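Below is target.cif, which holds mmCIF, C-alpha atoms.
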data_work
#
loop_
_atom_site.label_atom_id
_atom_site.label_comp_id
_atom_site.auth_asym_id
_atom_site.auth_seq_id
_atom_site.Cartn_x
_atom_site.Cartn_y
_atom_site.Cartn_z
CA MET A 19 113.53 78.75 98.89
CA SER A 20 112.03 81.10 101.43
CA ALA A 21 108.87 83.01 102.06
CA GLY A 22 108.65 86.23 103.96
CA SER A 23 105.80 87.43 106.08
CA TYR A 24 105.03 90.67 107.85
CA ALA A 25 103.02 90.92 111.05
CA TYR A 26 101.81 94.42 111.81
CA GLU A 27 101.96 94.98 115.56
CA GLU A 28 101.54 98.75 115.66
CA GLU A 29 100.26 101.58 113.49
CA ASN A 30 103.32 101.89 111.25
CA LYS A 31 105.61 99.07 112.34
CA ALA A 32 106.11 95.73 110.65
CA ILE A 33 108.04 92.64 111.72
CA LEU A 34 109.71 90.80 108.83
CA VAL A 35 110.34 87.08 109.25
CA PHE A 36 111.78 84.55 106.78
CA PHE A 37 110.37 81.02 106.96
CA LEU A 38 112.45 78.01 105.97
CA GLY A 39 112.36 74.25 106.04
CA ASN A 40 115.33 71.91 105.90
CA ALA A 41 117.73 71.47 103.01
CA THR A 42 118.27 68.06 101.44
CA SER A 43 120.80 65.87 103.21
CA GLU A 44 123.53 66.70 100.68
CA GLU A 45 123.13 70.46 101.15
CA GLN A 46 122.21 70.54 104.82
CA PRO A 47 125.59 71.15 106.55
CA ARG A 48 126.45 74.12 104.30
CA VAL A 49 122.94 75.59 104.34
CA ASP A 50 122.46 75.15 108.10
CA ALA A 51 125.66 77.09 108.79
CA ARG A 52 124.39 80.01 106.70
CA ILE A 53 121.00 79.93 108.41
CA ARG A 54 122.59 79.96 111.87
CA ASN A 55 124.72 82.94 110.88
CA GLU A 56 121.68 84.82 109.54
CA PHE A 57 119.79 84.14 112.75
CA ARG A 58 122.67 85.33 114.96
CA LEU A 59 122.89 88.58 113.00
CA TYR A 60 119.22 89.46 112.49
CA ARG A 61 116.98 87.10 114.52
CA ASP A 62 114.60 87.00 111.55
CA VAL A 63 114.48 83.29 110.60
CA VAL A 64 111.99 80.60 111.61
CA GLN A 65 112.91 77.07 110.54
CA GLU A 66 110.67 74.01 110.87
CA ASP A 67 111.18 70.33 110.24
CA TYR A 68 110.22 69.61 106.62
CA ILE A 69 112.21 69.49 103.37
CA ASP A 70 112.04 72.95 101.81
CA SER A 71 110.74 72.09 98.34
CA TYR A 72 108.03 73.29 95.98
CA ARG A 73 105.78 70.38 96.85
CA ASN A 74 106.04 71.23 100.54
CA LEU A 75 104.97 74.86 100.27
CA SER A 76 101.66 74.08 101.99
CA LEU A 77 103.62 72.86 105.03
CA LYS A 78 105.58 76.12 104.99
CA SER A 79 102.43 78.22 104.88
CA ILE A 80 100.88 76.25 107.75
CA SER A 81 104.05 76.91 109.76
CA ILE A 82 103.72 80.64 109.00
CA LEU A 83 100.11 80.75 110.16
CA LYS A 84 101.01 78.77 113.28
CA TRP A 85 103.83 81.17 114.12
CA VAL A 86 101.62 84.25 113.66
CA THR A 87 98.88 82.68 115.80
CA LYS A 88 101.33 81.82 118.59
CA HIS A 89 103.71 84.79 118.58
CA CYS A 90 101.63 87.67 117.20
CA PRO A 91 98.19 87.07 118.73
CA HIS A 92 97.28 90.77 118.71
CA THR A 93 98.64 91.71 115.29
CA LYS A 94 96.32 93.82 113.15
CA TYR A 95 97.45 92.58 109.74
CA PHE A 96 99.52 89.84 108.18
CA LEU A 97 101.19 89.53 104.76
CA LYS A 98 102.75 86.46 103.19
CA ALA A 99 105.02 87.10 100.18
CA ASP A 100 107.56 85.22 98.09
CA ASP A 101 111.13 86.42 98.51
CA ASP A 102 111.35 87.85 94.98
CA THR A 103 108.33 90.11 95.54
CA TYR A 104 108.57 93.83 96.23
CA VAL A 105 105.78 95.18 98.45
CA ASN A 106 104.98 98.84 99.06
CA ILE A 107 104.10 98.48 102.74
CA PRO A 108 102.54 101.96 103.26
CA ASN A 109 100.25 101.43 100.25
CA LEU A 110 99.32 97.96 101.49
CA LEU A 111 98.46 99.28 104.95
CA ARG A 112 96.21 101.95 103.46
CA LYS A 113 94.35 99.30 101.43
CA LEU A 114 94.01 96.99 104.44
CA ARG A 115 92.70 99.75 106.70
CA THR A 116 90.08 100.63 104.09
CA LEU A 117 89.03 97.00 103.77
CA LYS A 118 88.80 96.62 107.53
CA ARG A 119 86.52 99.65 107.74
CA ASN A 120 84.37 98.41 104.87
CA TYR A 121 84.01 94.83 106.09
CA LYS A 122 84.10 95.59 109.82
CA LYS A 123 84.09 92.22 111.63
CA THR A 124 84.13 90.10 108.46
CA LEU A 125 87.18 87.87 108.03
CA PHE A 126 88.83 88.55 104.67
CA ILE A 127 91.89 87.75 102.61
CA THR A 128 93.06 89.97 99.76
CA GLY A 129 95.25 89.33 96.73
CA ARG A 130 94.85 88.41 93.08
CA GLU A 131 91.79 86.18 92.90
CA PHE A 132 91.36 83.17 90.61
CA LYS A 133 87.90 81.75 89.96
CA GLY A 134 86.85 78.39 88.57
CA ASN A 135 90.32 77.13 87.62
CA PRO A 136 90.41 73.40 86.79
CA PRO A 137 93.17 71.07 87.99
CA LEU A 138 95.90 70.54 85.38
CA ARG A 139 95.87 66.89 84.33
CA ASN A 140 98.79 67.13 81.89
CA LYS A 141 101.64 65.11 83.44
CA LYS A 142 104.21 67.39 81.81
CA SER A 143 102.93 70.42 83.70
CA LYS A 144 104.72 71.74 86.79
CA TRP A 145 101.28 71.94 88.44
CA TYR A 146 100.05 68.49 87.37
CA THR A 147 97.52 67.17 89.85
CA SER A 148 96.18 63.64 89.68
CA ILE A 149 92.53 62.76 90.21
CA SER A 150 93.49 60.97 93.44
CA GLU A 151 95.09 64.19 94.75
CA PHE A 152 92.10 66.35 93.78
CA PRO A 153 89.05 64.56 92.37
CA GLY A 154 87.00 67.69 91.64
CA SER A 155 86.69 69.42 88.26
CA LYS A 156 87.30 72.93 89.65
CA TYR A 157 89.34 74.39 92.46
CA PRO A 158 87.57 76.64 94.96
CA ASN A 159 88.20 80.34 94.39
CA TYR A 160 91.64 81.26 95.70
CA VAL A 161 94.25 84.03 95.60
CA SER A 162 97.75 83.88 94.20
CA GLY A 163 100.34 82.52 96.62
CA ILE A 164 102.90 85.06 95.44
CA ASP A 165 101.53 87.52 97.98
CA TYR A 166 98.36 87.79 99.99
CA ALA A 167 97.30 89.80 103.03
CA MET A 168 94.68 89.56 105.74
CA THR A 169 93.81 90.58 109.28
CA GLY A 170 95.41 88.84 112.22
CA ALA A 171 92.05 87.28 113.07
CA THR A 172 91.88 85.80 109.57
CA ALA A 173 95.33 84.26 109.96
CA LYS A 174 94.21 82.55 113.18
CA ALA A 175 91.05 81.24 111.51
CA LEU A 176 93.04 79.86 108.58
CA TYR A 177 95.43 78.09 110.92
CA ARG A 178 92.51 76.48 112.79
CA ALA A 179 91.00 75.42 109.45
CA SER A 180 94.31 73.91 108.29
CA ARG A 181 94.17 71.51 111.23
CA LYS A 182 90.87 70.11 109.92
CA THR A 183 91.51 70.29 106.15
CA PRO A 184 93.31 67.40 104.39
CA LEU A 185 96.68 68.57 103.08
CA PHE A 186 96.94 69.51 99.40
CA TRP A 187 100.27 70.28 97.78
CA LEU A 188 99.42 73.50 95.87
CA GLU A 189 99.87 76.08 98.62
CA ASP A 190 97.71 78.92 97.37
CA ILE A 191 94.81 76.59 96.53
CA TYR A 192 95.17 74.81 99.87
CA ILE A 193 95.49 77.84 102.17
CA THR A 194 93.42 80.48 100.36
CA GLY A 195 91.03 78.06 98.66
CA LEU A 196 90.34 74.93 100.69
CA CYS A 197 91.17 76.21 104.19
CA ARG A 198 89.58 79.58 103.45
CA ARG A 199 86.38 77.86 102.36
CA MET A 200 86.41 75.68 105.47
CA ALA A 201 86.73 78.80 107.66
CA GLY A 202 84.10 80.82 105.76
CA ILE A 203 86.55 83.61 104.90
CA ARG A 204 85.78 86.17 102.20
CA ILE A 205 88.12 86.90 99.27
CA VAL A 206 88.57 90.55 98.27
CA ASN A 207 90.21 90.71 94.85
CA SER A 208 92.99 93.30 94.62
CA ARG A 209 94.13 94.92 91.39
CA TYR A 210 97.11 96.33 93.29
CA MET A 211 98.62 92.91 94.06
CA THR A 212 99.74 91.07 90.95
CA ASN A 213 101.49 88.01 89.53
CA ASP A 214 103.08 90.27 86.94
CA LYS A 215 106.38 92.15 86.94
CA PRO A 216 105.71 95.89 86.63
CA LYS A 217 108.71 97.96 85.58
CA PRO A 218 111.11 98.24 88.54
CA ARG A 219 110.62 101.98 89.06
CA GLY A 220 109.66 104.00 92.08
CA CYS A 221 106.99 105.91 90.16
CA VAL A 222 105.26 102.64 89.24
CA PHE A 223 105.11 101.57 92.88
CA ARG A 224 103.67 104.84 94.05
CA ARG A 225 100.42 103.66 92.49
CA THR A 226 100.44 99.96 93.36
CA VAL A 227 101.24 97.48 96.12
CA SER A 228 103.35 94.64 94.76
CA GLY A 229 105.22 93.09 91.86
CA HIS A 230 106.94 89.75 91.33
CA ARG A 231 110.13 88.15 89.94
CA TYR A 232 112.54 90.95 90.89
CA SER A 233 116.23 90.52 91.57
CA GLU A 234 117.70 91.93 94.78
CA GLU A 235 119.26 94.73 92.76
CA GLN A 236 115.91 95.65 91.21
CA MET A 237 114.17 95.67 94.59
CA ARG A 238 116.83 97.98 96.00
CA LYS A 239 116.38 100.27 93.00
CA ILE A 240 112.60 100.42 93.47
CA HIS A 241 112.94 101.11 97.18
CA LYS A 242 115.55 103.83 96.75
CA GLU A 243 113.51 105.64 94.10
CA LEU A 244 110.23 105.23 95.98
CA HIS A 245 111.68 106.88 99.10
CA ASN A 246 113.47 109.68 97.25
CA PRO A 247 111.67 112.93 98.24
CA ARG A 248 112.83 114.51 94.97
CA LEU A 249 111.28 111.79 92.80
CA LYS A 250 108.97 113.31 90.19
CA CYS A 251 106.38 111.16 88.46
CA SER A 252 104.26 112.18 85.49
#

Please render this file's structure as structure tokens.
Amino acid sequence: MSAGSYAYEEENKAILVFFLGNATSEEQPRVDARIRNEFRLYRDVVQEDYIDSYRNLSLKSISILKWVTKHCPHTKYFLKADDDTYVNIPNLLRKLRTLKRNYKKTLFITGREFKGNPPLRNKKSKWYTSISEFPGSKYPNYVSGIDYAMTGATAKALYRASRKTPLFWLEDIYITGLCRRMAGIRIVNSRYMTNDKPKPRGCVFRRTVSGHRYSEEQMRKIHKELHNPRLKCS
């Protein structure tokens, strides 16, 4: 399980980094060897000391924010995305630049916004949350953890807030809900960033920013079509 993030250091340049935790003890020798090989080849992996599991995604996201704060202190923009998400980076940059002009010095985070969602109390649910874990009747407004973007200053503010906000296991609610609220950061809902899976076609992604649940083959197909100068879209 990995999450990718982009830090935008210059006008049209992005750094892609994959963030990982540790495998379980049974898998660790085999997985560690593959991670070391990936790092030797591409220098694009950051690994921290936690078990890489669904319930530890908040720890992963804190590690991402910490890394951006420490190693990319002057970055203009930051994107966190799941590894099965295709992102049209030029379209995203255009949207972020517009938001930055519109909101000037306001800290903001953009993605698909959820408002007023209650905790799921059904023990059979993947997202079951007990009253002891979250006693409230509604989560704060948050954006989907599949992909969200922000300014570099927002990433720093979220990291500072995470150091004062009690840990909660649902990553998107914790980072973009609880920590965001603690830091006083604005949500800007984006209709271009989605939980859905648009058709894996270049023409579709000319008009949007992201889509989710794609295979590697589908992402390569989208990218190839999107960058084909002869592509014609109706």

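Excluding Met211 of chain A itself and any same-chain residue fewer than 3 positions from it, the protein and nucleic acid residues within 6 Å of it, counting all atoms listed in the file, are Gly129, Arg130, Ser208, Val227 and Ser228 of chain A.
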
Residues returned when the PyMOL selection byres ((chain A and resi 195) around 12) runs on this file, as a ChimeraX atom specification: /A:76,127,131-135,156-163,176,179-180,183,185-186,188-194,196-205

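For the choices A:Ala167, A:Lys250, A:Tyr177, A:Tyr232, the atom-to-atom distance to Ile107 of chain A is smallest for A:Ala167 when using all atoms listed in the file.
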
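In this structure, atom CA of Leu117 of chain A sits 11.2 Å away from atom CA of Tyr95 of chain A.
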
I'd like the interatomic distance between atom CA of Trp85 of chain A and atom CA of Val64 of chain A, to a tenth of an Å. 8.6 Å

A:Leu38, A:Leu244, A:Cys221, A:Ile82 ranked by distance to Leu97 of chain A, top pick (using only C-alpha atoms): A:Ile82

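Atom CA of Val63 of chain A lies 13.3 Å from atom CA of Val86 of chain A.
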
Applied to the shown file, which residues does the PyMOL selection byres ((chain A and resi 218) around 9) return, written as a ChimeraX atom specification? /A:215-217,219-223,229,232,236-237,239-240

On this structure, which residues satisfy the PyMOL selection byres ((chain A and resi 118-123) around 12), written as an mmCIF file with C-alpha atoms, in the coordinates of the input?
data_model
loop_
_atom_site.group_PDB
_atom_site.id
_atom_site.type_symbol
_atom_site.label_atom_id
_atom_site.label_comp_id
_atom_site.auth_asym_id
_atom_site.auth_seq_id
_atom_site.Cartn_x
_atom_site.Cartn_y
_atom_site.Cartn_z
ATOM 1 C CA LYS A 94 96.320 93.820 113.150
ATOM 2 C CA TYR A 95 97.450 92.580 109.740
ATOM 3 C CA LEU A 111 98.460 99.280 104.950
ATOM 4 C CA ARG A 112 96.210 101.950 103.460
ATOM 5 C CA LYS A 113 94.350 99.300 101.430
ATOM 6 C CA LEU A 114 94.010 96.990 104.440
ATOM 7 C CA ARG A 115 92.700 99.750 106.700
ATOM 8 C CA THR A 116 90.080 100.630 104.090
ATOM 9 C CA LEU A 117 89.030 97.000 103.770
ATOM 10 C CA THR A 124 84.130 90.100 108.460
ATOM 11 C CA LEU A 125 87.180 87.870 108.030
ATOM 12 C CA PHE A 126 88.830 88.550 104.670
ATOM 13 C CA ILE A 127 91.890 87.750 102.610
ATOM 14 C CA THR A 128 93.060 89.970 99.760
ATOM 15 C CA ALA A 167 97.300 89.800 103.030
ATOM 16 C CA MET A 168 94.680 89.560 105.740
ATOM 17 C CA THR A 169 93.810 90.580 109.280
ATOM 18 C CA GLY A 170 95.410 88.840 112.220
ATOM 19 C CA ALA A 171 92.050 87.280 113.070
ATOM 20 C CA THR A 172 91.880 85.800 109.570
ATOM 21 C CA ILE A 203 86.550 83.610 104.900
ATOM 22 C CA ARG A 204 85.780 86.170 102.200
ATOM 23 C CA ILE A 205 88.120 86.900 99.270
ATOM 24 C CA VAL A 206 88.570 90.550 98.270
#
